[in-house]
Every structure is written in structure tokens, then in C-alpha cells.
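Content type CSV, N, CA and C atoms, from the file query-v2.csv:
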```
chain,number,residue,atom,x,y,z
A,685,MET,N,-9.8,-36.0,-42.6
A,685,MET,CA,-10.1,-36.4,-41.3
A,685,MET,C,-11.0,-35.4,-40.6
A,686,ARG,N,-10.6,-34.1,-40.8
A,686,ARG,CA,-11.4,-33.0,-40.1
A,686,ARG,C,-12.8,-33.0,-40.6
A,687,ASP,N,-13.0,-33.2,-41.9
A,687,ASP,CA,-14.3,-33.3,-42.5
A,687,ASP,C,-15.1,-34.5,-41.9
A,688,MET,N,-14.5,-35.6,-41.7
A,688,MET,CA,-15.1,-36.7,-41.1
A,688,MET,C,-15.6,-36.4,-39.7
A,689,ILE,N,-14.8,-35.8,-38.9
A,689,ILE,CA,-15.1,-35.4,-37.5
A,689,ILE,C,-16.3,-34.5,-37.5
A,690,LEU,N,-16.2,-33.5,-38.4
A,690,LEU,CA,-17.3,-32.5,-38.5
A,690,LEU,C,-18.6,-33.2,-38.9
A,691,PHE,N,-18.5,-34.1,-39.9
A,691,PHE,CA,-19.7,-34.8,-40.3
A,691,PHE,C,-20.3,-35.7,-39.2
A,692,LEU,N,-19.5,-36.4,-38.4
A,692,LEU,CA,-19.9,-37.2,-37.3
A,692,LEU,C,-20.6,-36.3,-36.2
A,693,ALA,N,-19.9,-35.2,-35.9
A,693,ALA,CA,-20.5,-34.3,-34.9
A,693,ALA,C,-21.8,-33.7,-35.4
A,694,LEU,N,-22.0,-33.4,-36.6
A,694,LEU,CA,-23.2,-32.9,-37.2
A,694,LEU,C,-24.3,-34.0,-37.1
A,695,MET,N,-24.0,-35.2,-37.4
A,695,MET,CA,-24.9,-36.3,-37.3
A,695,MET,C,-25.3,-36.6,-35.9
A,696,LEU,N,-24.4,-36.5,-35.0
A,696,LEU,CA,-24.7,-36.7,-33.6
A,696,LEU,C,-25.6,-35.6,-33.1
A,697,PHE,N,-25.3,-34.3,-33.4
A,697,PHE,CA,-26.1,-33.2,-33.0
A,697,PHE,C,-27.5,-33.4,-33.6
A,698,THR,N,-27.7,-33.7,-34.8
A,698,THR,CA,-29.0,-33.9,-35.5
A,698,THR,C,-29.8,-34.9,-34.8
A,699,SER,N,-29.2,-36.1,-34.4
A,699,SER,CA,-29.9,-37.1,-33.8
A,699,SER,C,-30.3,-36.7,-32.4
A,700,VAL,N,-29.5,-36.1,-31.6
A,700,VAL,CA,-29.8,-35.6,-30.3
A,700,VAL,C,-30.8,-34.6,-30.3
A,701,ALA,N,-30.7,-33.6,-31.2
A,701,ALA,CA,-31.7,-32.5,-31.3
A,701,ALA,C,-33.1,-33.0,-31.7
A,702,SER,N,-33.1,-34.0,-32.6
A,702,SER,CA,-34.4,-34.5,-32.9
A,702,SER,C,-35.1,-35.3,-31.8
A,703,ALA,N,-34.3,-35.8,-30.9
A,703,ALA,CA,-34.8,-36.5,-29.7
A,703,ALA,C,-35.2,-35.5,-28.6
A,704,ALA,N,-34.8,-34.3,-28.7
A,704,ALA,CA,-35.1,-33.3,-27.6
A,704,ALA,C,-36.6,-33.0,-27.5
A,705,ASP,N,-37.0,-32.6,-26.3
A,705,ASP,CA,-38.4,-32.2,-26.1
A,705,ASP,C,-38.8,-31.1,-27.0
A,706,PRO,N,-40.1,-31.0,-27.3
A,706,PRO,CA,-40.6,-29.9,-28.1
A,706,PRO,C,-40.5,-28.6,-27.2
A,707,TRP,N,-40.4,-27.5,-27.9
A,707,TRP,CA,-40.4,-26.2,-27.2
A,707,TRP,C,-41.8,-25.7,-26.8
A,708,ASP,N,-42.0,-25.4,-25.5
A,708,ASP,CA,-43.3,-24.9,-25.1
A,708,ASP,C,-43.1,-23.3,-25.0
A,709,ARG,N,-44.2,-22.7,-24.6
A,709,ARG,CA,-44.2,-21.2,-24.6
A,709,ARG,C,-43.2,-20.6,-23.7
A,710,THR,N,-43.0,-21.3,-22.5
A,710,THR,CA,-42.0,-20.8,-21.5
A,710,THR,C,-40.6,-20.9,-22.1
A,711,ASP,N,-40.3,-22.0,-22.8
A,711,ASP,CA,-39.0,-22.1,-23.5
A,711,ASP,C,-38.7,-20.9,-24.5
A,712,LYS,N,-39.8,-20.7,-25.2
A,712,LYS,CA,-39.6,-19.6,-26.3
A,712,LYS,C,-39.5,-18.2,-25.6
A,713,VAL,N,-40.2,-18.0,-24.6
A,713,VAL,CA,-40.1,-16.7,-23.9
A,713,VAL,C,-38.7,-16.6,-23.2
A,714,LEU,N,-38.2,-17.6,-22.6
A,714,LEU,CA,-36.9,-17.6,-22.1
A,714,LEU,C,-35.8,-17.4,-23.1
A,715,LEU,N,-36.0,-18.0,-24.3
A,715,LEU,CA,-35.0,-17.8,-25.4
A,715,LEU,C,-35.0,-16.3,-25.8
A,716,GLY,N,-36.2,-15.7,-25.8
A,716,GLY,CA,-36.4,-14.3,-26.2
A,716,GLY,C,-35.7,-13.4,-25.1
A,717,THR,N,-35.8,-13.7,-23.8
A,717,THR,CA,-35.2,-12.9,-22.8
A,717,THR,C,-33.6,-13.1,-22.9
A,718,THR,N,-33.2,-14.3,-23.2
A,718,THR,CA,-31.8,-14.6,-23.3
A,718,THR,C,-31.2,-13.8,-24.4
A,719,MET,N,-31.9,-13.7,-25.6
A,719,MET,CA,-31.4,-13.0,-26.7
A,719,MET,C,-31.5,-11.5,-26.5
A,720,ALA,N,-32.5,-11.0,-25.8
A,720,ALA,CA,-32.6,-9.6,-25.5
A,720,ALA,C,-31.5,-9.1,-24.6
A,721,THR,N,-31.2,-9.9,-23.5
A,721,THR,CA,-30.0,-9.5,-22.7
A,721,THR,C,-28.7,-9.6,-23.4
A,722,ALA,N,-28.6,-10.6,-24.3
A,722,ALA,CA,-27.4,-10.7,-25.1
A,722,ALA,C,-27.2,-9.5,-26.0
A,723,VAL,N,-28.3,-9.0,-26.6
A,723,VAL,CA,-28.2,-7.8,-27.5
A,723,VAL,C,-27.8,-6.6,-26.6
A,724,LEU,N,-28.3,-6.4,-25.4
A,724,LEU,CA,-27.9,-5.3,-24.6
A,724,LEU,C,-26.4,-5.4,-24.2
A,725,ASP,N,-26.0,-6.7,-23.9
A,725,ASP,CA,-24.6,-6.9,-23.5
A,725,ASP,C,-23.7,-6.6,-24.7
A,726,TYR,N,-24.1,-7.0,-25.9
A,726,TYR,CA,-23.3,-6.8,-27.1
A,726,TYR,C,-23.1,-5.3,-27.3
A,727,GLY,N,-24.2,-4.5,-27.2
A,727,GLY,CA,-24.1,-3.1,-27.4
A,727,GLY,C,-23.2,-2.4,-26.4
A,728,GLN,N,-23.2,-2.9,-25.1
A,728,GLN,CA,-22.3,-2.3,-24.1
A,728,GLN,C,-20.9,-2.7,-24.4
A,729,THR,N,-20.7,-4.0,-24.8
A,729,THR,CA,-19.3,-4.5,-25.0
A,729,THR,C,-18.7,-3.8,-26.3
A,730,MET,N,-19.5,-3.5,-27.3
A,730,MET,CA,-19.0,-2.8,-28.5
A,730,MET,C,-18.6,-1.4,-28.1
A,731,TYR,N,-19.4,-0.8,-27.2
A,731,TYR,CA,-19.1,0.6,-26.7
A,731,TYR,C,-17.7,0.6,-26.0
A,732,ILE,N,-17.5,-0.4,-25.2
A,732,ILE,CA,-16.3,-0.5,-24.5
A,732,ILE,C,-15.1,-0.7,-25.5
A,733,ALA,N,-15.3,-1.6,-26.5
A,733,ALA,CA,-14.3,-1.8,-27.5
A,733,ALA,C,-13.9,-0.6,-28.2
A,734,ARG,N,-14.9,0.3,-28.5
A,734,ARG,CA,-14.7,1.5,-29.3
A,734,ARG,C,-14.2,2.6,-28.4
A,735,ASN,N,-14.1,2.5,-27.1
A,735,ASN,CA,-13.7,3.5,-26.2
A,735,ASN,C,-12.7,2.9,-25.2
A,736,PRO,N,-11.6,2.4,-25.7
A,736,PRO,CA,-10.7,1.7,-24.8
A,736,PRO,C,-9.9,2.6,-23.8
A,737,GLU,N,-9.9,3.9,-24.2
A,737,GLU,CA,-9.2,4.9,-23.3
A,737,GLU,C,-10.1,5.2,-22.0
A,738,ASP,N,-11.4,4.9,-22.1
A,738,ASP,CA,-12.3,5.2,-21.0
A,738,ASP,C,-12.8,4.0,-20.3
A,739,TRP,N,-12.8,2.8,-20.9
A,739,TRP,CA,-13.4,1.7,-20.4
A,739,TRP,C,-12.5,0.5,-20.5
A,740,ARG,N,-12.7,-0.6,-19.7
A,740,ARG,CA,-12.1,-1.8,-19.9
A,740,ARG,C,-13.1,-2.9,-19.7
A,741,GLU,N,-12.9,-4.0,-20.5
A,741,GLU,CA,-13.8,-5.1,-20.5
A,741,GLU,C,-13.4,-6.1,-19.4
A,742,LEU,N,-14.4,-6.6,-18.6
A,742,LEU,CA,-14.1,-7.5,-17.5
A,742,LEU,C,-14.1,-9.0,-17.9
A,743,ASN,N,-14.6,-9.3,-19.1
A,743,ASN,CA,-14.7,-10.7,-19.6
A,743,ASN,C,-13.3,-11.2,-19.9
A,744,PRO,N,-12.8,-12.2,-19.2
A,744,PRO,CA,-11.4,-12.6,-19.4
A,744,PRO,C,-11.2,-13.3,-20.8
A,745,ILE,N,-12.2,-13.7,-21.4
A,745,ILE,CA,-12.0,-14.3,-22.8
A,745,ILE,C,-11.7,-13.2,-23.8
A,746,LEU,N,-12.4,-12.1,-23.6
A,746,LEU,CA,-12.2,-11.0,-24.6
A,746,LEU,C,-10.9,-10.1,-24.2
A,747,GLY,N,-10.6,-10.1,-23.0
A,747,GLY,CA,-9.5,-9.3,-22.5
A,747,GLY,C,-9.9,-7.9,-22.2
A,748,GLU,N,-9.1,-7.0,-21.6
A,748,GLU,CA,-9.4,-5.7,-21.2
A,748,GLU,C,-9.8,-4.8,-22.4
A,749,HIS,N,-9.1,-4.9,-23.5
A,749,HIS,CA,-9.4,-4.0,-24.6
A,749,HIS,C,-9.6,-4.8,-25.9
A,750,PRO,N,-10.7,-5.4,-26.1
A,750,PRO,CA,-10.9,-6.2,-27.3
A,750,PRO,C,-11.2,-5.4,-28.5
A,751,SER,N,-10.9,-5.9,-29.7
A,751,SER,CA,-11.3,-5.2,-30.9
A,751,SER,C,-12.8,-5.4,-31.2
A,752,THR,N,-13.3,-4.6,-32.0
A,752,THR,CA,-14.8,-4.8,-32.4
A,752,THR,C,-15.0,-6.1,-33.1
A,753,THR,N,-14.0,-6.6,-33.9
A,753,THR,CA,-14.1,-7.9,-34.6
A,753,THR,C,-14.1,-9.0,-33.5
A,754,ALA,N,-13.3,-8.9,-32.5
A,754,ALA,CA,-13.3,-10.0,-31.5
A,754,ALA,C,-14.6,-10.0,-30.8
A,755,VAL,N,-15.2,-8.8,-30.5
A,755,VAL,CA,-16.5,-8.8,-29.8
A,755,VAL,C,-17.6,-9.4,-30.7
A,756,ARG,N,-17.6,-9.0,-32.0
A,756,ARG,CA,-18.6,-9.6,-32.9
A,756,ARG,C,-18.5,-11.1,-33.0
A,757,ASN,N,-17.2,-11.6,-33.1
A,757,ASN,CA,-17.0,-13.1,-33.2
A,757,ASN,C,-17.4,-13.8,-31.9
A,758,TYR,N,-17.1,-13.2,-30.8
A,758,TYR,CA,-17.5,-13.8,-29.5
A,758,TYR,C,-19.0,-13.9,-29.4
A,759,PHE,N,-19.7,-12.8,-29.8
A,759,PHE,CA,-21.2,-12.9,-29.6
A,759,PHE,C,-21.8,-13.8,-30.6
A,760,ILE,N,-21.3,-13.9,-31.8
A,760,ILE,CA,-21.8,-14.8,-32.8
A,760,ILE,C,-21.7,-16.3,-32.3
A,761,VAL,N,-20.5,-16.6,-31.8
A,761,VAL,CA,-20.2,-18.0,-31.3
A,761,VAL,C,-21.1,-18.2,-30.1
A,762,GLY,N,-21.1,-17.2,-29.2
A,762,GLY,CA,-21.9,-17.3,-28.0
A,762,GLY,C,-23.4,-17.5,-28.2
A,763,THR,N,-23.9,-16.8,-29.2
A,763,THR,CA,-25.3,-16.9,-29.5
A,763,THR,C,-25.6,-18.3,-30.1
A,764,ALA,N,-24.8,-18.7,-31.0
A,764,ALA,CA,-25.0,-20.0,-31.6
A,764,ALA,C,-24.9,-21.1,-30.6
A,765,THR,N,-24.0,-21.0,-29.7
A,765,THR,CA,-23.8,-22.0,-28.6
A,765,THR,C,-25.1,-22.1,-27.7
A,766,LYS,N,-25.5,-20.9,-27.3
A,766,LYS,CA,-26.7,-20.8,-26.4
A,766,LYS,C,-27.9,-21.5,-27.1
A,767,ILE,N,-28.1,-21.2,-28.4
A,767,ILE,CA,-29.3,-21.8,-29.1
A,767,ILE,C,-29.1,-23.3,-29.3
A,768,LEU,N,-27.9,-23.7,-29.7
A,768,LEU,CA,-27.7,-25.2,-30.0
A,768,LEU,C,-27.8,-26.0,-28.7
A,769,VAL,N,-27.2,-25.5,-27.6
A,769,VAL,CA,-27.4,-26.2,-26.3
A,769,VAL,C,-28.8,-26.3,-25.9
A,770,ALA,N,-29.5,-25.2,-26.0
A,770,ALA,CA,-31.0,-25.2,-25.7
A,770,ALA,C,-31.7,-26.2,-26.5
A,771,ALA,N,-31.4,-26.3,-27.8
A,771,ALA,CA,-32.1,-27.2,-28.7
A,771,ALA,C,-32.0,-28.6,-28.3
A,772,ILE,N,-30.8,-29.0,-27.7
A,772,ILE,CA,-30.6,-30.4,-27.4
A,772,ILE,C,-31.0,-30.8,-26.0
A,773,LEU,N,-31.3,-29.8,-25.2
A,773,LEU,CA,-31.6,-30.1,-23.8
A,773,LEU,C,-33.1,-30.5,-23.6
A,774,PRO,N,-33.4,-31.4,-22.7
A,774,PRO,CA,-34.8,-31.7,-22.3
A,774,PRO,C,-35.4,-30.4,-21.8
A,775,SER,N,-36.7,-30.2,-21.9
A,775,SER,CA,-37.4,-29.0,-21.6
A,775,SER,C,-37.0,-28.5,-20.2
A,776,LYS,N,-37.0,-29.4,-19.2
A,776,LYS,CA,-36.7,-28.9,-17.8
A,776,LYS,C,-35.3,-28.3,-17.7
A,777,TRP,N,-34.3,-28.9,-18.3
A,777,TRP,CA,-33.0,-28.4,-18.3
A,777,TRP,C,-32.8,-27.2,-19.2
A,778,ARG,N,-33.6,-27.1,-20.3
A,778,ARG,CA,-33.6,-26.0,-21.2
A,778,ARG,C,-34.0,-24.7,-20.5
A,779,LYS,N,-35.0,-24.8,-19.7
A,779,LYS,CA,-35.5,-23.7,-18.9
A,779,LYS,C,-34.4,-23.2,-17.9
A,780,ALA,N,-33.8,-24.2,-17.2
A,780,ALA,CA,-32.7,-23.8,-16.3
A,780,ALA,C,-31.5,-23.1,-17.1
A,781,TRP,N,-31.2,-23.7,-18.2
A,781,TRP,CA,-30.1,-23.1,-19.0
A,781,TRP,C,-30.4,-21.7,-19.5
A,782,LEU,N,-31.5,-21.5,-20.1
A,782,LEU,CA,-31.9,-20.2,-20.6
A,782,LEU,C,-32.2,-19.2,-19.5
A,783,GLY,N,-32.8,-19.7,-18.4
A,783,GLY,CA,-33.1,-18.8,-17.3
A,783,GLY,C,-31.8,-18.3,-16.6
A,784,GLY,N,-30.8,-19.3,-16.5
A,784,GLY,CA,-29.5,-18.9,-15.9
A,784,GLY,C,-28.8,-17.9,-16.7
A,785,ILE,N,-28.8,-18.1,-18.0
A,785,ILE,CA,-28.1,-17.2,-18.9
A,785,ILE,C,-28.7,-15.8,-18.8
A,786,THR,N,-30.0,-15.8,-18.9
A,786,THR,CA,-30.7,-14.5,-18.8
A,786,THR,C,-30.4,-13.8,-17.5
A,787,LEU,N,-30.4,-14.5,-16.4
A,787,LEU,CA,-30.1,-13.9,-15.1
A,787,LEU,C,-28.6,-13.4,-15.0
A,788,GLY,N,-27.7,-14.2,-15.5
A,788,GLY,CA,-26.3,-13.9,-15.5
A,788,GLY,C,-26.0,-12.7,-16.4
A,789,THR,N,-26.5,-12.7,-17.6
A,789,THR,CA,-26.2,-11.6,-18.5
A,789,THR,C,-26.9,-10.4,-18.1
A,790,GLY,N,-28.2,-10.5,-17.6
A,790,GLY,CA,-28.9,-9.4,-17.1
A,790,GLY,C,-28.2,-8.7,-16.0
A,791,PHE,N,-27.6,-9.5,-15.1
A,791,PHE,CA,-26.9,-8.9,-13.9
A,791,PHE,C,-25.7,-8.1,-14.5
A,792,MET,N,-25.0,-8.6,-15.4
A,792,MET,CA,-23.8,-7.9,-16.0
A,792,MET,C,-24.3,-6.6,-16.7
A,793,VAL,N,-25.4,-6.7,-17.4
A,793,VAL,CA,-25.8,-5.5,-18.1
A,793,VAL,C,-26.2,-4.4,-17.1
A,794,ILE,N,-26.9,-4.8,-16.1
A,794,ILE,CA,-27.3,-3.8,-15.0
A,794,ILE,C,-26.1,-3.3,-14.3
A,795,ARG,N,-25.1,-4.2,-14.1
A,795,ARG,CA,-23.9,-3.7,-13.4
A,795,ARG,C,-23.1,-2.7,-14.3
A,796,ASN,N,-23.0,-3.1,-15.6
A,796,ASN,CA,-22.3,-2.2,-16.6
A,796,ASN,C,-23.0,-0.8,-16.6
A,797,TYR,N,-24.4,-0.8,-16.7
A,797,TYR,CA,-25.1,0.4,-16.7
A,797,TYR,C,-25.0,1.2,-15.4
A,798,THR,N,-25.0,0.5,-14.3
A,798,THR,CA,-24.9,1.2,-13.0
A,798,THR,C,-23.5,1.8,-12.9
A,799,GLN,N,-22.5,1.0,-13.3
A,799,GLN,CA,-21.1,1.5,-13.3
A,799,GLN,C,-21.0,2.7,-14.2
A,800,GLY,N,-21.6,2.6,-15.4
A,800,GLY,CA,-21.6,3.8,-16.3
A,800,GLY,C,-22.2,5.0,-15.7
A,801,ARG,N,-23.3,4.9,-14.9
A,801,ARG,CA,-24.0,6.0,-14.3
A,801,ARG,C,-23.0,6.6,-13.3
A,802,ILE,N,-22.3,5.8,-12.5
A,802,ILE,CA,-21.4,6.3,-11.5
A,802,ILE,C,-20.3,7.0,-12.2
A,803,GLU,N,-19.7,6.4,-13.3
A,803,GLU,CA,-18.6,7.1,-14.0
A,803,GLU,C,-19.1,8.4,-14.7
A,804,HIS,N,-20.4,8.4,-15.1
A,804,HIS,CA,-20.9,9.6,-15.7
A,804,HIS,C,-20.8,10.8,-14.8
A,805,ARG,N,-21.0,10.7,-13.6
A,805,ARG,CA,-20.8,11.8,-12.7
A,805,ARG,C,-19.4,12.3,-12.7
A,806,GLN,N,-18.5,11.5,-13.2
A,806,GLN,CA,-17.1,11.9,-13.3
A,806,GLN,C,-16.7,12.3,-14.7
A,807,GLY,N,-17.6,12.3,-15.6
A,807,GLY,CA,-17.4,12.8,-16.9
A,807,GLY,C,-17.5,11.8,-18.1
A,808,ALA,N,-17.8,10.5,-17.8
A,808,ALA,CA,-17.9,9.5,-18.8
A,808,ALA,C,-19.3,8.9,-18.7
A,809,ASP,N,-19.7,8.2,-19.8
A,809,ASP,CA,-21.0,7.5,-19.8
A,809,ASP,C,-20.9,6.3,-20.7
A,810,ILE,N,-21.6,5.3,-20.4
A,810,ILE,CA,-21.7,4.1,-21.3
A,810,ILE,C,-23.0,4.2,-22.0
A,811,SER,N,-23.0,3.8,-23.2
A,811,SER,CA,-24.3,3.8,-24.0
A,811,SER,C,-24.4,2.6,-24.8
A,812,PHE,N,-25.4,2.6,-25.7
A,812,PHE,CA,-25.7,1.4,-26.5
A,812,PHE,C,-25.4,1.7,-28.0
A,813,SER,N,-24.3,2.4,-28.3
A,813,SER,CA,-24.0,2.7,-29.7
A,813,SER,C,-23.6,1.4,-30.4
A,814,TRP,N,-24.0,1.2,-31.6
A,814,TRP,CA,-23.7,-0.1,-32.3
A,814,TRP,C,-22.6,0.2,-33.3
```
Is it possible to express this structure as C-alpha cells?
Amino acid sequence: MRDMILFLALMLFTSVASAADPWDRTDKVLLGTTMATAVLDYGQTMYIARNPEDWRELNPILGEHPSTTAVRNYFIVGTATKILVAAILPSKWRKAWLGGITLGTGFMVIRNYTQGRIEHRQGADISFSW
């Protein structure tokens, strides 16, 4: 039964994705900015996961002190979801989807960095160690 549901979901996704609008240059640039902010967010979140005594994660899905495995899995699923949803959306909505993700993630990355700079004055710092 599970295999049948998976097969039907795959067939539905394939048919919807093939009907989606072609990707123009703006769509591709927005996907690039979405992935770039996701990479920065991933680096910061991994740093938080590796330093739970100094930092806490604000993402309620991950919890305050996620493991590095939980962080990796979250970003793998998140990245796949962002790309798959973008692939099936019409071009107008794809731009809104990717632009919104870029802005939201970019805001959090800047906030994390700013907070890290404030904390640095008190003896801690956030970085992008992988």
C-alpha cells in the first residue's frame, strides 16, 4: 500500500512538474540566492549544534539544542522541498516562493550574525565552521 501511494504521488508530481512554466533567468537567479542563504543558515545552525553550551537554536522544529544529524536531515529535506515546490509552481508564483525564502532566510542569517557580533563582545562568537 505504501509503495502504491508513493508511486501515485510520484506520478502526480511528474505530471504537474512537466506542466509547470519553463525557468527563466530570474527564476534561476532566485534559486541561486535561495540556496546561498540556505548554505549560510546551515553553517550557522551547525555551529550552534556543535556549541550547545554557548548557543541555542530558535527554530522550533529543531529545538534549542539539535544534534548535527538532525540539522543535516532538516536541511536536506528543506532543500529538496524548496526545489520541488519551485519546480511545480507557475513562474509568477515561483518567483514569489523563492524570493520569500531568500528574504526570510537572509533575515535570519543576518540576525544570527548580528547576535553573534553582540555576543562576541561578551566573549563568544558565531562562525561558519562546517
_From a backbone DSSP assignment, name each residue in range 687-779 of chain A labelled helix (DSSP H, G or I), as a ChimeraX atom specification._
/A:687-703,709-734,752-772,775-779
_Spatial neighbours of Ser775 in chain A, 5 Å, only N, CA and C atoms, chain gap at least 3 places, as a list in words_ = Asp705, Arg778 and Lys779 of chain A
*Mind giving me the straight-line distance from atom C of Pro744 in chain A to CA of Tyr758 in chain A in Å, one decimal?*
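Atom-to-atom, atom C of Pro744 in chain A to CA of Tyr758 in chain A, that is 10.8 Å.
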*How far is it from CA of Ser751 in chain A to atom N of Arg734 in chain A, in Å with one decimal?*
7.0 Å
*Suppose you want the space between CA of Pro736 in chain A and CA of Gln799 in chain A; what is it in Å?*
15.5 Å
*Which of A:Ala704, A:Leu715, A:Val723, A:Met730 sits closest to Lys766 in chain A [using only C-alpha atoms]*: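 Result for the nearest residue to Lys766 in chain A: A:Leu715.
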_Which residue of A:Ala754, A:Lys712, A:Pro706, A:Thr718 approaches Ile785 in chain A most closely, using all atoms listed in the file_ =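 Of the candidates, the smallest distance to Ile785 in chain A is held by A:Thr718.
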*Kindly indicate which residue among A:Gly747, A:Gly783, A:Gly788, A:Pro774 lies nearest to Gly716 in chain A, using only C-alpha atoms for the distances.*
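Comparing A:Gly747, A:Gly783, A:Gly788, A:Pro774 against Gly716 in chain A, the winner is A:Gly783.
Closest approach to Tyr726 in chain A among A:Leu782, A:Tyr797, A:Phe759, A:Trp777 is made by A:Phe759 (distances from only N, CA and C atoms).
Ranking A:Gly790, A:Val713, A:Leu746, A:Leu773 by their shortest atom-to-atom distance to Asp725 in chain A, with only N, CA and C atoms included, puts A:Gly790 first.
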